[in-house]
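Structure file target_20.cif; described as mmCIF, C-alpha atoms.
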```cif
data_entry
loop_
_atom_site.label_atom_id
_atom_site.label_comp_id
_atom_site.auth_asym_id
_atom_site.auth_seq_id
_atom_site.Cartn_x
_atom_site.Cartn_y
_atom_site.Cartn_z
CA MET N 1 -21.20 23.74 -57.47
CA ILE N 2 -21.54 23.30 -53.73
CA ILE N 3 -22.62 19.86 -52.54
CA TYR N 4 -24.16 19.85 -49.10
CA GLN N 5 -23.67 16.73 -47.02
CA ARG N 6 -26.88 15.69 -45.31
CA ARG N 7 -26.45 13.87 -42.03
CA SER N 8 -29.02 11.72 -40.34
CA PRO N 9 -29.67 12.62 -36.68
CA VAL N 10 -29.97 8.88 -36.01
CA VAL N 11 -26.75 6.99 -35.32
CA PHE N 12 -26.86 3.37 -34.18
CA PRO N 13 -24.10 1.61 -32.24
CA SER N 14 -23.81 -1.02 -34.99
CA ARG N 15 -21.38 -1.47 -37.86
CA PRO N 16 -22.81 -0.61 -41.31
CA LEU N 17 -22.08 -3.27 -43.93
CA LYS N 18 -23.59 -1.68 -47.03
CA THR N 19 -24.18 2.02 -47.62
CA ASP N 20 -25.44 4.11 -50.49
CA ILE N 21 -25.09 7.84 -51.21
CA ARG N 22 -28.54 9.10 -52.17
CA ASP N 23 -29.46 12.75 -52.62
CA ASN N 24 -26.35 13.60 -50.49
CA TRP N 25 -27.52 11.36 -47.64
CA THR N 26 -25.43 8.40 -46.57
CA VAL N 27 -28.07 5.69 -46.37
CA VAL N 28 -27.20 2.47 -44.53
CA LEU N 29 -28.68 -0.45 -46.45
CA GLU N 30 -27.50 -3.18 -44.11
CA TYR N 31 -25.88 -3.46 -40.68
CA ALA N 32 -23.73 -6.26 -39.31
CA ASP N 33 -25.53 -8.72 -36.99
CA GLU N 34 -29.05 -7.62 -37.82
CA GLY N 35 -30.48 -10.70 -36.11
CA ASP N 36 -34.09 -11.86 -36.18
CA GLY N 37 -35.79 -8.73 -34.86
CA PRO N 38 -37.34 -6.66 -33.55
CA TYR N 39 -35.62 -4.00 -35.61
CA VAL N 40 -35.15 -0.26 -35.43
CA ILE N 41 -34.49 1.29 -38.84
CA ASP N 42 -33.37 4.82 -39.65
CA LEU N 43 -35.54 6.40 -42.35
CA SER N 44 -34.63 10.04 -41.69
CA HIS N 45 -33.57 10.48 -45.33
CA LYS N 46 -37.12 9.81 -46.57
CA VAL N 47 -38.76 12.96 -47.90
CA LYS N 48 -41.31 14.43 -45.50
CA TRP N 49 -43.70 17.32 -46.02
CA ASP N 50 -45.83 19.34 -43.70
CA VAL N 51 -49.04 20.39 -45.45
CA GLN N 52 -51.08 23.29 -44.13
CA SER N 53 -54.12 24.83 -45.73
CA ALA N 54 -57.60 25.98 -44.81
CA ASP N 55 -58.80 23.97 -47.80
CA ILE N 56 -56.75 20.84 -47.06
CA SER N 57 -59.40 18.33 -48.17
CA ASN N 58 -58.98 19.46 -51.77
CA ILE N 59 -55.21 18.92 -51.84
CA LYS N 60 -54.29 15.66 -53.54
CA PRO N 61 -50.58 14.89 -53.03
CA PHE N 62 -49.40 12.30 -55.60
CA GLY N 63 -53.00 11.45 -56.38
CA LEU N 64 -53.83 10.63 -52.75
CA THR N 65 -56.78 12.18 -50.98
CA ILE N 66 -55.87 13.45 -47.53
CA PRO N 67 -58.14 11.64 -45.04
CA GLU N 68 -61.06 13.54 -43.55
CA LYS N 69 -60.66 12.70 -39.85
CA PRO N 70 -57.60 13.66 -37.77
CA GLY N 71 -55.54 10.56 -37.03
CA GLU N 72 -56.52 8.73 -40.21
CA CYS N 73 -53.83 7.81 -42.75
CA LEU N 74 -53.64 6.55 -46.30
CA PHE N 75 -50.69 4.49 -47.54
CA LYS N 76 -50.47 3.93 -51.28
CA ASN N 77 -47.57 3.55 -53.72
CA SER N 78 -45.13 4.00 -50.81
CA VAL N 79 -46.56 7.44 -50.00
CA LEU N 80 -48.15 7.99 -46.60
CA ALA N 81 -50.65 10.82 -46.10
CA GLY N 82 -51.95 11.46 -42.59
CA ARG N 83 -54.42 14.00 -41.29
CA LEU N 84 -53.17 15.81 -38.15
CA ASN N 85 -55.87 18.38 -37.43
CA ARG N 86 -58.44 20.56 -39.21
CA THR N 87 -55.86 22.45 -41.27
CA GLN N 88 -52.72 20.29 -41.17
CA ALA N 89 -51.54 17.01 -42.67
CA MET N 90 -48.28 15.15 -43.17
CA VAL N 91 -47.04 13.43 -46.29
CA TRP N 92 -44.08 11.03 -46.19
CA ASP N 93 -42.57 9.45 -49.29
CA LEU N 94 -41.20 6.07 -48.16
CA SER N 95 -40.09 4.92 -51.61
CA GLU N 96 -36.47 4.33 -52.64
CA THR N 97 -36.44 7.20 -55.11
CA PRO N 98 -37.38 10.53 -53.51
CA SER N 99 -40.08 12.63 -55.15
CA GLU N 100 -39.96 16.34 -55.93
CA THR N 101 -41.87 18.73 -53.68
CA PRO N 102 -45.31 19.36 -55.22
CA ASP N 103 -45.59 22.82 -56.75
CA GLN N 104 -48.09 24.11 -54.20
CA ASN N 105 -47.45 26.64 -51.46
CA SER N 106 -49.20 24.44 -48.88
CA PHE N 107 -46.21 22.06 -48.85
CA THR N 108 -43.13 22.59 -46.66
CA ASP N 109 -40.23 20.15 -46.91
CA VAL N 110 -39.37 19.12 -43.33
CA THR N 111 -37.02 16.24 -44.20
CA GLU N 112 -34.05 17.96 -42.56
CA ALA N 113 -36.04 19.02 -39.50
CA GLN N 114 -37.49 15.69 -38.39
CA LEU N 115 -36.03 12.29 -37.72
CA LEU N 116 -37.89 9.18 -38.82
CA MET N 117 -37.39 5.69 -37.45
CA ALA N 118 -39.25 2.47 -38.13
CA ILE N 119 -39.78 -0.01 -35.32
CA VAL N 120 -40.63 -3.40 -36.75
CA GLY N 121 -41.39 -6.68 -35.06
CA ARG N 122 -43.97 -8.69 -33.16
CA GLU N 123 -42.93 -6.93 -29.94
CA ALA N 124 -43.15 -3.40 -31.42
CA SER N 125 -46.31 -2.41 -29.53
CA GLN N 126 -44.81 -3.71 -26.24
CA ILE N 127 -41.72 -1.61 -26.92
CA PHE N 128 -43.92 1.46 -27.43
CA GLU N 129 -45.79 0.71 -24.21
CA LYS N 130 -42.49 1.28 -22.40
CA LEU N 131 -41.91 4.59 -24.17
CA THR N 132 -45.29 6.28 -24.27
CA ALA N 133 -48.82 6.37 -22.87
CA LEU N 134 -50.26 6.50 -26.42
CA ASP N 135 -52.61 3.56 -26.95
CA PHE N 136 -51.66 1.35 -29.89
CA ASN N 137 -53.83 -1.56 -28.77
CA ASP N 138 -57.15 0.22 -29.26
CA PRO N 139 -59.31 -2.31 -31.17
CA GLY N 140 -61.35 0.58 -32.56
CA LYS N 141 -58.42 1.83 -34.64
CA LYS N 142 -57.42 0.28 -37.92
CA SER N 143 -53.92 0.68 -39.37
CA PRO N 144 -52.63 2.88 -40.84
CA TYR N 145 -53.29 5.67 -38.35
CA VAL N 146 -51.24 8.35 -36.63
CA LEU N 147 -51.17 9.35 -32.96
CA GLN N 148 -49.58 12.59 -31.79
CA GLY N 149 -48.19 12.88 -28.30
CA PRO N 150 -45.15 12.55 -26.08
CA VAL N 151 -42.79 9.60 -26.56
CA SER N 152 -40.22 9.63 -23.76
CA HIS N 153 -41.50 13.19 -23.04
CA VAL N 154 -40.67 14.31 -26.61
CA PRO N 155 -43.55 15.63 -28.79
CA SER N 156 -43.77 13.01 -31.53
CA ARG N 157 -45.91 11.51 -34.25
CA VAL N 158 -46.24 7.76 -34.31
CA VAL N 159 -47.80 5.98 -37.25
CA SER N 160 -49.08 2.46 -36.90
CA LEU N 161 -48.41 1.47 -40.50
CA ARG N 162 -49.26 -2.19 -40.20
CA SER N 163 -50.75 -4.05 -37.24
CA SER N 164 -49.52 -7.58 -38.02
CA GLU N 165 -47.13 -9.82 -39.99
CA PRO N 166 -45.08 -8.11 -38.50
CA PRO N 167 -46.35 -4.84 -36.97
CA VAL N 168 -44.61 -1.74 -38.36
CA PHE N 169 -44.50 1.58 -36.50
CA LEU N 170 -42.97 4.84 -37.70
CA LEU N 171 -41.72 7.33 -35.13
CA SER N 172 -41.03 10.95 -36.03
CA CYS N 173 -39.91 13.88 -33.88
CA SER N 174 -37.66 16.91 -34.03
CA ARG N 175 -34.15 15.90 -35.17
CA GLY N 176 -32.47 17.45 -32.12
CA TYR N 177 -33.74 14.54 -30.01
CA GLY N 178 -32.10 11.95 -32.29
CA HIS N 179 -29.33 10.77 -29.99
CA SER N 180 -31.58 10.44 -26.91
CA MET N 181 -34.43 8.86 -28.86
CA VAL N 182 -32.17 6.12 -30.29
CA GLU N 183 -30.91 5.40 -26.78
CA ALA N 184 -34.48 5.26 -25.38
CA VAL N 185 -35.78 2.99 -28.17
CA LEU N 186 -32.85 0.57 -28.00
CA ASP N 187 -33.08 0.46 -24.22
CA ALA N 188 -36.83 -0.30 -24.39
CA GLY N 189 -36.19 -3.09 -26.92
CA ARG N 190 -33.21 -4.62 -25.13
CA GLU N 191 -35.23 -7.37 -23.43
CA TRP N 192 -36.29 -8.63 -26.89
CA ASP N 193 -32.77 -8.25 -28.37
CA MET N 194 -33.74 -5.37 -30.61
CA THR N 195 -31.11 -4.54 -33.23
CA ALA N 196 -30.49 -1.83 -35.80
CA ALA N 197 -31.30 -2.76 -39.37
CA GLY N 198 -30.72 -1.07 -42.71
CA GLU N 199 -33.14 0.26 -45.28
CA ASN N 200 -33.16 -3.06 -47.18
CA MET N 201 -34.81 -4.71 -44.20
CA PHE N 202 -37.57 -2.07 -44.18
CA LEU N 203 -38.21 -2.49 -47.90
CA SER N 204 -38.35 -6.28 -47.52
CA PHE N 205 -41.53 -5.92 -45.46
CA PHE N 206 -43.45 -4.30 -48.33
CA MET Y 1 -51.98 11.22 -13.84
CA SER Y 2 -53.25 14.10 -11.71
CA ARG Y 3 -55.31 15.92 -14.31
CA THR Y 4 -56.69 15.06 -17.71
CA ILE Y 5 -57.91 17.35 -20.45
CA THR Y 6 -60.09 16.35 -23.39
CA CYS Y 7 -58.62 17.46 -26.71
CA PRO Y 8 -61.22 17.62 -29.52
CA VAL Y 9 -58.76 15.85 -31.87
CA CYS Y 10 -56.79 13.41 -29.67
CA GLY Y 11 -59.32 12.71 -26.93
CA ARG Y 12 -58.66 12.58 -23.19
CA ARG Y 13 -54.97 13.05 -22.42
CA ASN Y 14 -52.56 13.80 -19.59
CA GLY Y 15 -52.82 17.45 -18.53
CA TYR Y 16 -49.06 17.90 -18.80
CA GLU Y 17 -49.33 17.65 -22.61
CA PHE Y 18 -51.20 20.97 -22.70
CA ARG Y 19 -50.41 24.65 -22.32
CA PHE Y 20 -52.85 26.92 -20.52
CA GLY Y 21 -54.13 29.79 -22.68
CA GLY Y 22 -56.09 31.87 -20.17
CA GLU Y 23 -59.75 32.59 -19.54
CA ASP Y 24 -62.08 32.67 -22.50
CA LYS Y 25 -63.08 36.33 -22.63
CA GLY Y 26 -65.15 36.10 -25.77
CA PRO Y 27 -64.43 37.72 -29.13
CA ARG Y 28 -61.96 40.56 -29.55
CA PRO Y 29 -63.76 43.89 -28.89
CA GLU Y 30 -64.67 46.16 -31.79
CA GLU Y 31 -62.09 48.77 -32.78
CA GLU Y 32 -64.78 51.45 -32.87
CA GLY Y 33 -65.01 53.22 -29.54
CA MET Y 34 -61.94 51.40 -28.23
CA SER Y 35 -59.97 53.17 -25.52
CA PRO Y 36 -56.66 52.21 -23.86
CA GLU Y 37 -58.60 51.44 -20.67
CA LYS Y 38 -61.01 49.07 -22.47
CA TRP Y 39 -58.13 47.33 -24.25
CA PHE Y 40 -56.21 46.99 -20.99
CA GLU Y 41 -59.27 45.48 -19.37
CA TYR Y 42 -59.75 42.98 -22.20
CA THR Y 43 -56.12 41.86 -22.44
CA HIS Y 44 -54.91 41.93 -18.84
CA LEU Y 45 -57.79 41.71 -16.38
CA ASN Y 46 -59.20 38.31 -15.43
CA ASP Y 47 -62.17 37.24 -13.34
CA CYS Y 48 -60.15 34.64 -11.41
CA LYS Y 49 -63.39 33.00 -10.34
CA ALA Y 50 -63.34 30.10 -7.86
CA GLY Y 51 -65.62 27.64 -9.63
CA ILE Y 52 -66.46 26.62 -13.17
CA ARG Y 53 -65.04 28.79 -15.92
CA LYS Y 54 -64.37 28.52 -19.65
CA GLU Y 55 -60.69 28.43 -20.62
CA TRP Y 56 -58.43 28.21 -23.64
CA TRP Y 57 -55.93 25.32 -23.82
CA PHE Y 58 -53.33 24.37 -26.41
CA HIS Y 59 -52.31 20.77 -27.16
CA ARG Y 60 -48.60 21.55 -27.18
CA ASP Y 61 -47.23 17.98 -27.19
CA GLY Y 62 -49.94 16.62 -29.48
CA CYS Y 63 -51.96 17.89 -32.40
CA GLY Y 64 -51.25 21.62 -31.96
CA VAL Y 65 -54.88 22.68 -31.69
CA TRP Y 66 -56.31 25.52 -29.56
CA PHE Y 67 -59.67 24.75 -27.95
CA THR Y 68 -61.83 25.64 -24.95
CA ILE Y 69 -62.89 23.50 -22.02
CA PHE Y 70 -64.76 24.09 -18.78
CA ARG Y 71 -62.67 23.66 -15.62
CA ASP Y 72 -63.61 23.89 -11.97
CA THR Y 73 -60.82 26.03 -10.55
CA ALA Y 74 -61.71 24.94 -7.01
CA SER Y 75 -61.03 21.26 -7.73
CA ASN Y 76 -58.70 21.76 -10.73
CA ARG Y 77 -60.72 19.22 -12.75
CA GLU Y 78 -62.22 19.44 -16.20
CA VAL Y 79 -66.02 19.41 -16.04
CA VAL Y 80 -68.75 18.92 -18.60
CA ARG Y 81 -70.35 21.99 -20.12
CA PRO Y 82 -72.76 23.36 -17.49
CA PRO Y 83 -76.48 23.77 -18.30
CA GLU Y 84 -77.42 27.00 -20.11
CA ARG Y 85 -78.83 28.76 -17.04
CA GLU Y 86 -75.60 28.17 -15.14
CA LEU Y 87 -73.57 28.97 -18.26
CA GLU Y 88 -74.77 32.56 -18.18
CA ALA Y 89 -72.89 33.01 -14.93
CA VAL Y 90 -69.69 31.48 -16.40
CA PRO Y 91 -67.32 34.14 -17.70
#
```
Do you think you could lay out the structure here as structure tokens?
Amino acid sequence: MIIYQRRSPVVFPSRPLKTDIRDNWTVVLEYADEGDGPYVIDLSHKVKWDVQSADISNIKPFGLTIPEKPGECLFKNSVLAGRLNRTQAMVWDLSETPSETPDQNSFTDVTEAQLLMAIVGREASQIFEKLTALDFNDPGKKSPYVLQGPVSHVPSRVVSLRSSEPPVFLLSCSRGYGHSMVEAVLDAGREWDMTAAGENMFLSFF
Amino acid sequence: MSRTITCPVCGRRNGYEFRFGGEDKGPRPEEEGMSPEKWFEYTHLNDCKAGIRKEWWFHRDGCGVWFTIFRDTASNREVVRPPERELEAVP
């Protein structure tokens, strides 16, 4: 039997303290010197699906109803479903144990194709202000919601998962930009002493 | 930001996020009675009008949606949909 090693496109310049092999991914659970935040957390191993269908409103991934309006998201039982446009949605499973791909031809597993990072901390929206013109301070929007647009000139999807205590943002883009995106995010967060944190830190917020 | 374009999904955004898709020439012509000359005219010839025209744009860096807007080619600015009587003159 061939076992394929799955490598995250996100590599932080920190020393991992605890790791776990999960579904052939090496998942860092904890880094040395994680500090008090803000944090950037690699979640590229989380299962992600692209959902496309002309009849997308009637698709119910894991019992969730895909929101009606583009930009709206639903986060329940660690599964995030976000509407992207009239015929497209995204579904991310943020739980510890990955789910199987639903047996529907509308679903495409894009876990390997996209990186996923969480940016957590009180200063998270200020960090994003340095990276993108997308507006995360719009009082008319209620978390969770997704904005699509360039982050450091890279076409990305940014989910505002939680707006307070502390704010949590999820950033996803094509995996080829991983190295540059990590550099850009850490550089933007340097003035607040942003550090890399492991998956345990992300799970502790929920 | 030199130019903005209003995406029906994402709202008003920087023009550099979009890809130009050409003049809106209406629906694809019927196959019946089609000749190479008519097809050439539909696919390759443009009005290149100086003024307000209807165009296709693609939100490349955003939601991935194709849509039409009205743009004044003389000022290179997006404009609101002209009144019906003026619209008849818009290609």
Within 7 Å of chain Y: residues of chain N, using only C-alpha atoms, as a ChimeraX atom specification: /N:70,84-85,148-150,155
What would the selection look like, as a list in words, if the PyMOL selection byres ((chain Y and resi 2) around 8) were run on the coordinates I just shared? Met1, Arg3, Thr4, Asn14 and Gly15 of chain Y
Identify which of the residues Y:Pro29, Y:Ser35, Y:Asp47, Y:Ile5 lies closest to Arg71 of chain Y, counting only C-alpha atoms when measuring atom-to-atom distances.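 Smallest distance to Arg71 of chain Y is found for Y:Ile5.
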Take the PyMOL selection byres ((chain N and resi 165) around 12), run it mentally on this structure, and tell me the resulting residues as a list in words.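 Evaluating the PyMOL selection byres ((chain N and resi 165) around 12) on these coordinates yields Val120, Gly121, Arg122, Glu123, Ala124, Leu161, Arg162, Ser163, Ser164, Pro166, Pro167, Val168, Phe205 and Phe206 of chain N.
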Determine the residue membership of the PyMOL selection byres ((chain Y and resi 20) around 10) for the file above and supply it as a ChimeraX atom specification. /Y:15-16,18-19,21-23,55-60,66
With all atoms listed in the file as the counted atoms, please give the residues lying no more than 8 Å from segment 129-141 of chain N, apart from itself and same-chain residues fewer than 4 positions off, as a ChimeraX atom specification. /N:125,145,147,149-153,160,184-185,188
Can those selected residues be exported to a file as an mmCIF file, keeping the file's coordinate frame so that it contains C-alpha atoms?
```
data_model
loop_
_atom_site.group_PDB
_atom_site.id
_atom_site.type_symbol
_atom_site.label_atom_id
_atom_site.label_comp_id
_atom_site.auth_asym_id
_atom_site.auth_seq_id
_atom_site.Cartn_x
_atom_site.Cartn_y
_atom_site.Cartn_z
ATOM 1 C CA SER N 125 -46.310 -2.410 -29.530
ATOM 2 C CA TYR N 145 -53.290 5.670 -38.350
ATOM 3 C CA LEU N 147 -51.170 9.350 -32.960
ATOM 4 C CA GLY N 149 -48.190 12.880 -28.300
ATOM 5 C CA PRO N 150 -45.150 12.550 -26.080
ATOM 6 C CA VAL N 151 -42.790 9.600 -26.560
ATOM 7 C CA SER N 152 -40.220 9.630 -23.760
ATOM 8 C CA HIS N 153 -41.500 13.190 -23.040
ATOM 9 C CA SER N 160 -49.080 2.460 -36.900
ATOM 10 C CA ALA N 184 -34.480 5.260 -25.380
ATOM 11 C CA VAL N 185 -35.780 2.990 -28.170
ATOM 12 C CA ALA N 188 -36.830 -0.300 -24.390
#
```
